[in-house]
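**Q** Here you go, start_39.cif (mmCIF, C-alpha atoms and all ligand atoms):
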data_input
loop_
_atom_site.label_atom_id
_atom_site.label_comp_id
_atom_site.auth_asym_id
_atom_site.auth_seq_id
_atom_site.Cartn_x
_atom_site.Cartn_y
_atom_site.Cartn_z
CA MET J 574 51.25 102.08 173.62
CA GLN J 575 50.96 99.21 171.21
CA PHE J 576 51.40 99.38 167.46
CA SER J 577 50.52 97.08 164.60
CA LYS J 578 52.58 94.00 163.74
CA ARG J 579 52.70 95.48 160.25
CA ILE J 580 54.95 98.29 161.44
CA GLU J 581 57.39 95.81 162.94
CA LYS J 582 57.60 93.99 159.61
CA LEU J 583 58.48 97.12 157.61
CA GLU J 584 62.20 97.02 157.04
CA THR J 585 64.21 99.77 158.74
CA SER J 586 65.58 101.98 156.05
CA ILE J 587 69.20 101.62 155.01
CA PHE J 588 68.71 105.06 153.44
CA SER J 589 68.21 106.72 156.82
CA HIS J 590 71.12 104.74 158.30
CA MET J 591 73.40 106.02 155.51
CA ASN J 592 72.13 109.55 156.11
CA SER J 593 72.98 109.43 159.78
CA LEU J 594 76.49 108.20 158.87
CA LYS J 595 76.67 111.18 156.49
CA ARG J 596 75.84 113.60 159.32
CA GLN J 597 78.46 111.98 161.56
CA PHE J 598 81.09 112.26 158.80
CA GLU J 599 80.37 115.95 158.23
CA GLU J 600 80.46 116.78 161.96
CA LYS J 601 83.78 114.99 162.36
CA ASN J 602 85.60 116.04 159.20
CA ASP J 603 84.53 119.52 158.19
CA ILE J 604 84.20 118.41 154.53
CA LYS J 605 80.92 117.83 152.77
CA VAL J 606 79.89 114.35 151.73
CA ILE J 607 79.32 113.93 147.99
CA ASN J 608 75.82 112.52 148.03
CA LEU J 609 75.22 109.99 145.25
CA GLY J 610 72.66 108.22 147.40
CA ILE J 611 69.03 109.21 147.04
CA GLY J 612 67.61 109.42 143.50
CA SER J 613 66.22 112.92 143.90
CA PRO J 614 66.81 115.11 140.83
CA ASP J 615 69.12 118.04 141.64
CA ARG J 616 67.91 120.16 138.70
CA PRO J 617 64.76 122.35 138.66
CA PRO J 618 61.70 121.80 136.46
CA SER J 619 61.43 123.86 133.27
CA ILE J 620 60.71 127.58 133.46
CA GLU J 621 57.28 126.96 131.87
CA VAL J 622 56.35 124.55 134.65
CA ARG J 623 57.47 126.96 137.35
CA GLN J 624 55.71 129.92 135.73
CA THR J 625 52.47 127.95 135.44
CA LEU J 626 52.68 126.96 139.09
CA SER J 627 53.30 130.52 140.24
CA GLN J 628 50.40 131.87 138.15
CA CYS J 629 47.98 129.16 139.26
CA VAL J 630 48.63 129.59 142.96
CA MET J 631 47.31 133.18 142.64
CA ASN J 632 44.03 131.93 141.21
CA GLU J 633 41.28 132.01 143.83
CA ASP J 634 39.68 128.88 142.38
CA SER J 635 42.81 126.79 142.92
CA TYR J 636 42.04 126.01 146.54
CA ARG J 637 38.97 123.79 146.44
CA TYR J 638 39.35 120.05 146.91
CA PRO J 639 40.50 118.53 143.65
CA LEU J 640 38.81 115.19 142.90
CA THR J 641 40.73 111.97 143.52
CA ASP J 642 40.95 110.89 139.90
CA GLY J 643 42.52 114.13 138.56
CA THR J 644 41.18 116.91 136.35
CA GLU J 645 39.59 115.91 133.05
CA SER J 646 41.99 118.23 131.29
CA LEU J 647 45.11 116.54 132.74
CA ARG J 648 43.72 113.05 132.09
CA LYS J 649 43.14 114.05 128.46
CA SER J 650 46.72 115.38 128.24
CA ILE J 651 48.06 112.11 129.64
CA ALA J 652 46.04 110.05 127.13
CA LYS J 653 47.30 112.28 124.32
CA TRP J 654 50.92 112.00 125.53
CA TYR J 655 50.58 108.23 125.68
CA TRP J 656 49.46 108.13 122.09
CA ASP J 657 52.21 110.51 120.89
CA ARG J 658 54.92 108.73 122.84
CA PHE J 659 53.94 105.03 122.74
CA LYS J 660 51.11 104.80 120.20
CA VAL J 661 48.94 103.28 122.91
CA LYS J 662 45.28 104.37 122.96
CA LEU J 663 43.79 105.21 126.35
CA ASN J 664 40.33 106.28 127.36
CA TYR J 665 40.90 109.28 129.66
CA GLU J 666 37.60 108.56 131.42
CA ASP J 667 38.42 105.20 132.95
CA GLU J 668 41.95 104.21 131.94
CA VAL J 669 43.87 107.13 133.46
CA LEU J 670 44.23 108.03 137.15
CA VAL J 671 46.27 110.96 138.49
CA LEU J 672 48.35 110.14 141.58
CA MET J 673 50.09 112.08 144.35
CA GLY J 674 53.37 110.81 142.93
CA SER J 675 53.64 107.30 141.51
CA GLN J 676 54.66 106.18 145.03
CA ASP J 677 51.07 106.86 146.13
CA GLY J 678 49.69 104.41 143.59
CA LEU J 679 52.42 101.82 144.11
CA ALA J 680 51.89 101.90 147.87
CA HIS J 681 48.10 101.59 147.61
CA ILE J 682 47.65 99.21 144.68
CA CYS J 683 48.12 96.13 146.89
CA GLN J 684 45.21 97.25 149.10
CA ALA J 685 43.07 97.13 145.97
CA VAL J 686 44.25 93.75 144.71
CA LEU J 687 45.45 91.62 147.62
CA ASP J 688 43.74 90.08 150.62
CA PRO J 689 45.74 88.99 153.68
CA GLY J 690 47.85 85.96 152.82
CA ASP J 691 47.71 86.47 149.04
CA VAL J 692 50.94 86.27 147.06
CA ALA J 693 52.60 89.01 144.96
CA LEU J 694 55.70 88.61 142.80
CA VAL J 695 58.27 91.35 143.33
CA PRO J 696 61.63 91.95 141.64
CA ASP J 697 64.73 91.35 143.78
CA PRO J 698 66.60 93.68 143.73
CA GLY J 699 63.66 96.05 143.47
CA TYR J 700 62.48 99.51 144.43
CA PRO J 701 61.50 99.14 148.12
CA VAL J 702 57.88 100.35 147.90
CA TYR J 703 56.80 97.16 146.08
CA SER J 704 57.64 94.97 149.09
CA ALA J 705 56.30 97.56 151.52
CA SER J 706 53.02 97.74 149.60
CA VAL J 707 52.62 93.95 149.78
CA LEU J 708 53.40 94.00 153.51
CA LEU J 709 50.93 96.81 154.20
CA ALA J 710 48.23 94.63 152.64
CA ASP J 711 49.24 91.78 154.99
CA ALA J 712 50.08 89.74 151.92
CA VAL J 713 53.16 87.69 151.07
CA LYS J 714 55.88 88.59 148.61
CA TYR J 715 57.69 86.11 146.38
CA PRO J 716 61.01 87.65 145.29
CA MET J 717 61.88 87.12 141.61
CA ALA J 718 65.69 87.10 141.36
CA LEU J 719 67.08 89.48 138.72
CA ALA J 720 70.48 88.24 137.60
CA HIS J 721 73.06 89.79 135.34
CA ASP J 722 73.31 86.66 133.18
CA ASN J 723 69.63 87.03 132.21
CA ASP J 724 69.87 90.78 131.52
CA PHE J 725 68.27 91.36 134.92
CA LEU J 726 64.94 89.97 133.70
CA PRO J 727 63.00 87.48 135.87
CA VAL J 728 62.94 83.87 134.68
CA TYR J 729 59.26 82.96 134.82
CA GLU J 730 60.03 79.25 134.33
CA ASP J 731 61.97 79.32 137.62
CA ILE J 732 58.93 80.34 139.66
CA PRO J 733 57.47 77.19 141.28
CA GLU J 734 54.04 76.05 139.95
CA GLU J 735 52.35 76.46 143.33
CA VAL J 736 53.62 80.05 143.62
CA CYS J 737 52.37 80.83 140.10
CA SER J 738 48.93 79.51 140.95
CA MET J 739 48.77 81.50 144.19
CA ALA J 740 50.18 84.77 142.79
CA LYS J 741 47.59 87.52 142.18
CA MET J 742 49.87 90.31 141.02
CA MET J 743 53.42 91.24 140.12
CA PHE J 744 55.57 94.37 140.06
CA LEU J 745 58.05 95.07 137.26
CA ASN J 746 60.28 98.10 136.64
CA TYR J 747 62.16 98.56 133.32
CA PRO J 748 64.27 100.64 133.01
CA GLY J 749 64.48 100.42 136.73
CA ASN J 750 65.70 101.48 140.07
CA PRO J 751 68.14 100.24 141.27
CA ILE J 752 68.83 98.27 138.07
CA PRO J 753 68.85 100.44 134.96
CA ALA J 754 68.29 97.46 132.64
CA PRO J 755 65.87 98.05 129.76
CA GLY J 756 62.79 95.90 129.23
CA THR J 757 62.21 94.76 125.68
CA LEU J 758 58.86 94.42 123.96
CA GLU J 759 59.63 90.71 123.59
CA PHE J 760 59.99 90.42 127.38
CA PHE J 761 56.77 92.37 127.91
CA ASN J 762 54.98 90.01 125.47
CA ASP J 763 56.26 87.01 127.46
CA THR J 764 55.07 88.72 130.63
CA VAL J 765 51.54 89.09 129.21
CA LYS J 766 51.48 85.37 128.34
CA PHE J 767 52.70 84.41 131.83
CA ALA J 768 50.17 86.76 133.44
CA GLN J 769 47.27 85.48 131.31
CA LYS J 770 48.13 81.87 132.04
CA ASN J 771 48.33 82.44 135.80
CA SER J 772 45.70 85.22 136.20
CA VAL J 773 48.26 87.65 137.53
CA ILE J 774 47.72 91.44 137.42
CA VAL J 775 50.87 93.16 136.13
CA CYS J 776 51.93 96.51 137.63
CA HIS J 777 54.73 97.97 135.55
CA ASP J 778 56.55 100.95 137.02
CA ASN J 779 57.83 103.08 134.14
CA ALA J 780 59.19 105.98 136.24
CA TYR J 781 62.34 106.20 134.07
CA SER J 782 60.83 105.87 130.60
CA GLU J 783 62.06 109.35 129.61
CA LEU J 784 65.63 109.19 130.91
CA ALA J 785 67.44 107.23 128.22
CA TYR J 786 70.78 107.52 126.46
CA ASP J 787 72.59 106.94 123.18
CA GLY J 788 69.32 107.01 121.22
CA PHE J 789 67.66 104.22 123.23
CA VAL J 790 63.87 104.70 123.54
CA PRO J 791 62.29 102.71 126.42
CA ALA J 792 59.07 100.83 125.69
CA SER J 793 55.75 100.89 127.52
CA PHE J 794 54.44 97.63 128.95
CA LEU J 795 51.09 98.57 127.42
CA GLN J 796 52.61 98.25 123.95
CA ALA J 797 52.65 94.48 124.42
CA GLU J 798 49.79 92.56 122.81
CA GLY J 799 46.94 92.14 125.33
CA ALA J 800 48.75 94.08 128.10
CA LYS J 801 45.80 96.32 128.85
CA GLU J 802 43.64 93.28 129.58
CA ILE J 803 45.83 92.28 132.51
CA GLY J 804 47.91 95.25 133.58
CA ILE J 805 48.59 98.84 134.45
CA GLU J 806 51.60 101.12 134.15
CA PHE J 807 52.81 103.80 136.58
CA HIS J 808 54.55 107.03 135.56
CA SER J 809 56.21 109.77 137.51
CA PHE J 810 56.70 113.49 136.84
CA SER J 811 59.52 113.45 139.41
CA LYS J 812 62.29 112.10 137.22
CA THR J 813 60.95 112.97 133.78
CA PHE J 814 60.32 116.64 134.62
CA ASN J 815 62.35 117.20 137.83
CA MET J 816 59.11 117.73 139.77
CA ALA J 817 59.86 115.34 142.65
CA GLY J 818 58.70 117.77 145.35
CA CYS J 819 55.46 118.61 143.50
CA ARG J 820 54.09 115.12 144.14
CA ILE J 821 52.35 114.14 140.97
CA GLY J 822 52.33 110.98 138.89
CA PHE J 823 49.78 108.80 137.14
CA VAL J 824 48.74 105.26 136.38
CA VAL J 825 47.14 104.03 133.17
CA GLY J 826 45.82 100.77 131.77
CA ASN J 827 43.18 98.24 132.72
CA SER J 828 40.00 100.07 133.72
CA GLN J 829 38.94 97.56 136.37
CA VAL J 830 42.28 97.77 138.16
CA ILE J 831 42.23 101.58 137.88
CA LYS J 832 38.69 101.61 139.31
CA ALA J 833 39.73 99.42 142.26
CA LEU J 834 42.71 101.67 143.03
CA THR J 835 40.51 104.76 142.72
CA SER J 836 38.08 103.43 145.29
CA ILE J 837 40.91 102.83 147.78
CA LYS J 838 42.30 106.32 147.16
CA ALA J 839 38.88 108.00 147.31
CA ASN J 840 38.83 106.95 150.96
CA ILE J 841 42.30 108.28 151.65
CA ASP J 842 42.99 111.51 149.73
CA TYR J 843 41.29 114.30 147.78
CA GLY J 844 43.68 114.46 144.87
CA VAL J 845 46.58 116.63 143.76
CA PHE J 846 46.69 120.45 144.29
CA LEU J 847 45.17 121.97 141.16
CA PRO J 848 48.16 124.22 140.25
CA VAL J 849 50.39 121.13 140.30
CA GLN J 850 47.97 119.33 137.95
CA ARG J 851 48.00 122.33 135.58
CA ALA J 852 51.83 122.48 135.72
CA ALA J 853 51.93 118.77 134.87
CA GLU J 854 49.83 119.44 131.73
CA VAL J 855 52.29 122.13 130.67
CA ALA J 856 55.19 119.74 131.27
CA LEU J 857 53.58 117.14 128.99
CA GLU J 858 52.87 119.74 126.27
CA ASN J 859 56.61 120.55 126.05
CA TYR J 860 57.96 117.07 126.72
CA LYS J 861 59.95 116.46 123.52
CA GLU J 862 62.53 119.25 123.81
CA TRP J 863 62.67 119.03 127.58
CA VAL J 864 63.24 115.29 127.73
CA MET J 865 66.01 115.45 125.15
CA ASP J 866 67.90 118.19 127.04
CA ASN J 867 67.39 116.55 130.40
CA SER J 868 68.58 113.13 129.19
CA MET J 869 71.66 114.74 127.65
CA VAL J 870 72.66 116.17 131.04
CA TYR J 871 72.41 112.72 132.66
CA GLN J 872 74.15 111.04 129.73
CA LYS J 873 77.16 113.36 130.13
CA ARG J 874 77.24 112.73 133.86
CA ARG J 875 77.07 108.98 133.24
CA ASP J 876 80.04 109.20 130.86
CA VAL J 877 82.12 111.35 133.21
CA LEU J 878 81.54 108.99 136.14
CA VAL J 879 81.81 105.64 134.35
CA ASN J 880 84.91 106.71 132.39
CA GLY J 881 86.48 108.17 135.54
CA LEU J 882 85.88 105.02 137.56
CA GLN J 883 87.06 102.85 134.68
CA ALA J 884 90.33 104.83 134.60
CA ILE J 885 90.98 104.05 138.28
CA GLY J 886 90.25 100.35 137.76
CA TRP J 887 86.56 100.08 138.75
CA SER J 888 84.79 98.80 135.69
CA ILE J 889 81.06 99.55 135.50
CA GLU J 890 78.60 98.96 132.67
CA LYS J 891 77.22 102.11 131.09
CA PRO J 892 73.45 102.11 131.65
CA LYS J 893 71.18 102.79 128.68
CA ALA J 894 68.61 104.54 130.86
CA SER J 895 67.56 105.80 134.32
CA MET J 896 69.60 107.94 136.69
CA PHE J 897 71.62 105.17 138.33
CA LEU J 898 74.74 103.07 137.90
CA TRP J 899 74.34 99.52 139.17
CA ALA J 900 77.92 98.65 139.97
CA GLN J 901 79.46 95.36 140.94
CA LEU J 902 81.70 95.85 143.99
CA PRO J 903 85.38 96.44 143.18
CA SER J 904 87.52 93.32 143.55
CA GLY J 905 88.36 92.45 147.13
CA TYR J 906 84.89 93.43 148.43
CA THR J 907 81.89 91.13 148.81
CA ASN J 908 79.54 92.86 151.25
CA SER J 909 77.72 95.88 149.79
CA GLN J 910 76.76 97.38 153.14
CA GLU J 911 80.31 97.18 154.48
CA PHE J 912 81.71 98.67 151.28
CA ALA J 913 79.25 101.58 151.20
CA GLU J 914 79.82 102.37 154.89
CA LEU J 915 83.61 102.31 154.48
CA LEU J 916 83.43 104.51 151.39
CA LEU J 917 81.32 107.02 153.31
CA GLU J 918 83.39 106.95 156.49
CA GLU J 919 86.77 107.09 154.78
CA ALA J 920 86.14 109.01 151.55
CA GLY J 921 82.96 111.00 152.17
CA VAL J 922 81.11 109.57 149.18
CA LEU J 923 77.55 108.37 149.79
CA ILE J 924 76.21 105.52 147.66
CA ILE J 925 73.56 102.92 148.46
CA PRO J 926 74.43 99.28 149.19
CA GLY J 927 72.64 96.86 146.86
CA ILE J 928 71.32 94.87 149.82
CA ALA J 929 68.91 97.78 150.47
CA PHE J 930 66.94 96.53 147.45
CA GLY J 931 66.77 92.83 148.32
CA LYS J 932 69.11 89.95 149.02
CA HIS J 933 70.02 89.52 145.35
CA GLY J 934 71.33 93.09 145.39
CA ASP J 935 74.27 92.23 147.61
CA GLY J 936 77.54 92.36 145.69
CA PHE J 937 76.39 95.60 144.03
CA VAL J 938 75.99 99.27 144.91
CA ARG J 939 73.68 101.89 143.43
CA ILE J 940 75.22 105.21 142.44
CA ALA J 941 72.82 108.05 141.58
CA LEU J 942 73.85 110.60 138.94
CA VAL J 943 72.50 113.49 140.99
CA GLN J 944 75.52 115.80 141.08
CA GLU J 945 77.10 118.14 138.54
CA GLU J 946 80.04 116.81 136.52
CA ASN J 947 82.70 118.60 138.63
CA MET J 948 81.38 116.91 141.77
CA LEU J 949 81.39 113.53 140.02
CA LEU J 950 85.05 114.07 139.12
CA GLU J 951 85.76 114.96 142.75
CA ALA J 952 83.95 111.74 143.77
CA VAL J 953 86.21 109.75 141.42
CA GLU J 954 89.29 111.32 143.07
CA ARG J 955 88.01 110.44 146.53
CA ILE J 956 87.16 106.87 145.48
CA LYS J 957 90.61 106.50 143.89
CA THR J 958 92.32 107.46 147.18
CA PHE J 959 89.99 105.12 149.09
CA LEU J 960 90.58 102.13 146.82
C1 LIG G 1001 61.33 103.12 140.29
C2 LIG G 1001 60.63 104.21 141.00
N1 LIG G 1001 59.30 104.21 141.04
C3 LIG G 1001 58.62 105.16 141.67
C4 LIG G 1001 59.27 106.18 142.34
C5 LIG G 1001 58.45 107.21 143.07
O1 LIG G 1001 58.35 108.36 142.32
P1 LIG G 1001 57.29 109.50 142.62
O2 LIG G 1001 58.11 110.69 142.99
O3 LIG G 1001 56.52 109.68 141.35
O4 LIG G 1001 56.42 109.06 143.73
C6 LIG G 1001 60.66 106.23 142.33
C7 LIG G 1001 61.37 107.29 143.06
O5 LIG G 1001 62.55 107.27 143.26
C8 LIG G 1001 61.35 105.22 141.64
O6 LIG G 1001 62.69 105.20 141.60
#
Could I get this file's structure written as structure tokens?

**A**
Amino acid sequence: MQFSKRIEKLETSIFSHMNSLKRQFEEKNDIKVINLGIGSPDRPPSIEVRQTLSQCVMNEDSYRYPLTDGTESLRKSIAKWYWDRFKVKLNYEDEVLVLMGSQDGLAHICQAVLDPGDVALVPDPGYPVYSASVLLADAVKYPMALAHDNDFLPVYEDIPEEVCSMAKMMFLNYPGNPIPAPGTLEFFNDTVKFAQKNSVIVCHDNAYSELAYDGFVPASFLQAEGAKEIGIEFHSFSKTFNMAGCRIGFVVGNSQVIKALTSIKANIDYGVFLPVQRAAEVALENYKEWVMDNSMVYQKRRDVLVNGLQAIGWSIEKPKASMFLWAQLPSGYTNSQEFAELLLEEAGVLIIPGIAFGKHGDGFVRIALVQEENMLLEAVERIKTFL
């Protein structure tokens, strides 16, 4: 059998490598690994969301093919939520598209925008699907380095002229995964100017817009002047509403880009299961109280873990948003993969090496706040013994 060259180019996942080390550890040691690896919410969705789902699955009409673009009712709810939350006006008819998780849209957007050999700008470190999406379109990625000394924002002036003129699109992600840095409206305004000058389509991934701490309120890229003329923004119900397994998300913004993505998807899928779309509407209706409670849980976990690690000599910045710590390696370590493997093999704590997110991620590890506080304290104890 022969397979495509594309498959060979897809990077083998460090996530699955870490998981197989986890299995080996548990077989050998008879203690459970504390998994702070994958960013999958450990808490359930709200009772209202679960009740809606359970009622809708009993409805005989729930089982026809949904349409690719999402129900009119959900698209209206999304447009309304966008106005309430960001004061951005959206036309639900052509500026909103429901997705089978934001991953679906992020993975397919490059098919809609890029031809083989075209260039896309991707953040490095960045969430892996951006690079994979570019690869699957047989296009070329240009990594934009995100450095601590520039608040993890790309420096557009550093991108060579010829790359700027060849680039057709870019991915951004603030607050992000793996880097929880916030994006400011000022940065988004600069991004619009850069994108207009170079005819670049901006794809902002705002999966963590509703997980923020200490009163910080993340912005939408579409709040920037002129953003809707050149860009789109992805959202996820997975993190905001703990609905990761329900597979629903959405993308909003420029109608031409949305139309292009819709035509790719119309050839691939038939849309999201109707009960899940209805549950998503209910989630949006109750977002204010839910989001506040949910963020508070993560904020407490952040404090427990960062303070605990600080007390044992590992100093980590407290993130303002998202469900991750982006931690510089403790002194004496330089290789993120080696450090994460040792920590797993010797202490039974699973975290993700920064190199999994691009070469500029080495020197860091990503720690997901996906365990209850008592388990985080136990993780601190194990790390203390290890260090
Ligand atoms: C930054 C970012 N974008 C998108 C996704 C995908 O989310 P969804 O479950 O909506 O596909 C994730 C999931 O971890 C993420 O971290």

**Q** Check every protein, DNA and RNA residue against ligand LIG 1001 (chain G), keep those with an atom at most 10 Å away (counting only C-alpha atoms and all ligand atoms), and present them as a PyMOL selection string.

**A** chain J and resi 611-614+672-680+699-703+745-753+777-781+807-813+815-823+895-897

**Q** Only C-alpha atoms, please: the residues just picked out, written as a compact mmCIF listing (two decimals), in the coordinates of the input.

**A**
# COMPACT_ATOMS: atom_id res chain seq x y z
CA ILE J 611 69.03 109.21 147.04
CA GLY J 612 67.61 109.42 143.50
CA SER J 613 66.22 112.92 143.90
CA PRO J 614 66.81 115.11 140.83
CA LEU J 672 48.35 110.14 141.58
CA MET J 673 50.09 112.08 144.35
CA GLY J 674 53.37 110.81 142.93
CA SER J 675 53.64 107.30 141.51
CA GLN J 676 54.66 106.18 145.03
CA ASP J 677 51.07 106.86 146.13
CA GLY J 678 49.69 104.41 143.59
CA LEU J 679 52.42 101.82 144.11
CA ALA J 680 51.89 101.90 147.87
CA GLY J 699 63.66 96.05 143.47
CA TYR J 700 62.48 99.51 144.43
CA PRO J 701 61.50 99.14 148.12
CA VAL J 702 57.88 100.35 147.90
CA TYR J 703 56.80 97.16 146.08
CA LEU J 745 58.05 95.07 137.26
CA ASN J 746 60.28 98.10 136.64
CA TYR J 747 62.16 98.56 133.32
CA PRO J 748 64.27 100.64 133.01
CA GLY J 749 64.48 100.42 136.73
CA ASN J 750 65.70 101.48 140.07
CA PRO J 751 68.14 100.24 141.27
CA ILE J 752 68.83 98.27 138.07
CA PRO J 753 68.85 100.44 134.96
CA HIS J 777 54.73 97.97 135.55
CA ASP J 778 56.55 100.95 137.02
CA ASN J 779 57.83 103.08 134.14
CA ALA J 780 59.19 105.98 136.24
CA TYR J 781 62.34 106.20 134.07
CA PHE J 807 52.81 103.80 136.58
CA HIS J 808 54.55 107.03 135.56
CA SER J 809 56.21 109.77 137.51
CA PHE J 810 56.70 113.49 136.84
CA SER J 811 59.52 113.45 139.41
CA LYS J 812 62.29 112.10 137.22
CA THR J 813 60.95 112.97 133.78
CA ASN J 815 62.35 117.20 137.83
CA MET J 816 59.11 117.73 139.77
CA ALA J 817 59.86 115.34 142.65
CA GLY J 818 58.70 117.77 145.35
CA CYS J 819 55.46 118.61 143.50
CA ARG J 820 54.09 115.12 144.14
CA ILE J 821 52.35 114.14 140.97
CA GLY J 822 52.33 110.98 138.89
CA PHE J 823 49.78 108.80 137.14
CA SER J 895 67.56 105.80 134.32
CA MET J 896 69.60 107.94 136.69
CA PHE J 897 71.62 105.17 138.33

**Q** Take CA of Gln628 (chain J) and CA of Glu783 (chain J) and report the distance between them in Å, one decimal.

**A**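 These two atoms are separated by 26.8 Å.
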
**Q** May I ask which of the residues J:Asp722, J:Asp667, J:Glu759, J:Asp688 is the closest one to Val830 (chain J), counting only C-alpha atoms?

**A**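 So, comparing all the options, the nearest one is J:Asp667.
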
**Q** Rank nothing, just name the residue among J:Lys605, J:His933, J:Arg637, J:Arg623 nearest to Pro716 (chain J), using only C-alpha atoms.

**A** J:His933

**Q** Find the distance between CA of Pro618 (chain J) and CA of Gln944 (chain J) and write it in Å to one decimal.

**A**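 Interatomic distance here is 15.8 Å.
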
**Q** Would you give me, as JSON lines, each residue of region 793-865 of chain J having an atom within 10 Å of an atom of region 681-684 of chain J, along with its shortest atom pair and that distance in Å to one decimal, using only C-alpha atoms and sorting by chain and residue number?

**A**
{"residue": "J:Val830", "atom": "CA", "partner": "J:Ile682", "partner_atom": "CA", "distance": 8.6}
{"residue": "J:Ile831", "atom": "CA", "partner": "J:Ile682", "partner_atom": "CA", "distance": 9.0}
{"residue": "J:Ala833", "atom": "CA", "partner": "J:Ile682", "partner_atom": "CA", "distance": 8.3}
{"residue": "J:Leu834", "atom": "CA", "partner": "J:Ile682", "partner_atom": "CA", "distance": 5.8}
{"residue": "J:Thr835", "atom": "CA", "partner": "J:Ile682", "partner_atom": "CA", "distance": 9.3}
{"residue": "J:Ile837", "atom": "CA", "partner": "J:Gln684", "partner_atom": "CA", "distance": 7.2}
{"residue": "J:Lys838", "atom": "CA", "partner": "J:His681", "partner_atom": "CA", "distance": 7.5}
{"residue": "J:Ile841", "atom": "CA", "partner": "J:His681", "partner_atom": "CA", "distance": 9.7}

**Q** Would you mind telling me which residue in J:Phe598, J:Tyr860, J:Trp887, J:Trp899 lies nearest to Tyr655 (chain J) when using only C-alpha atoms?

**A**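 Of all the options, J:Tyr860 lies closest to Tyr655 (chain J).
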
**Q** Neighbouring residues of Ser836 (chain J) were defined as those with any atom within 10 Å, considering only C-alpha atoms; residues of the same chain fewer than 6 positions away were excluded. Please report them as a CSV table (one decimal) with C-alpha atoms, in the frame of the given file.

**A**
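Writing done, so here's selection_16.csv:
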chain,number,residue,atom,x,y,z
J,641,THR,CA,40.7,112.0,143.5
J,642,ASP,CA,41.0,110.9,139.9
J,685,ALA,CA,43.1,97.1,146.0

**Q** Identify, on the basis of all atoms listed in the file, every residue whose closest approach to Val877 (chain J) does not exceed 8 Å; exclude the query and any residue fewer than 2 positions from it along the same chain; express the result as a PyMOL selection string.

**A** chain J and resi 873-875+879-881+946+949-950
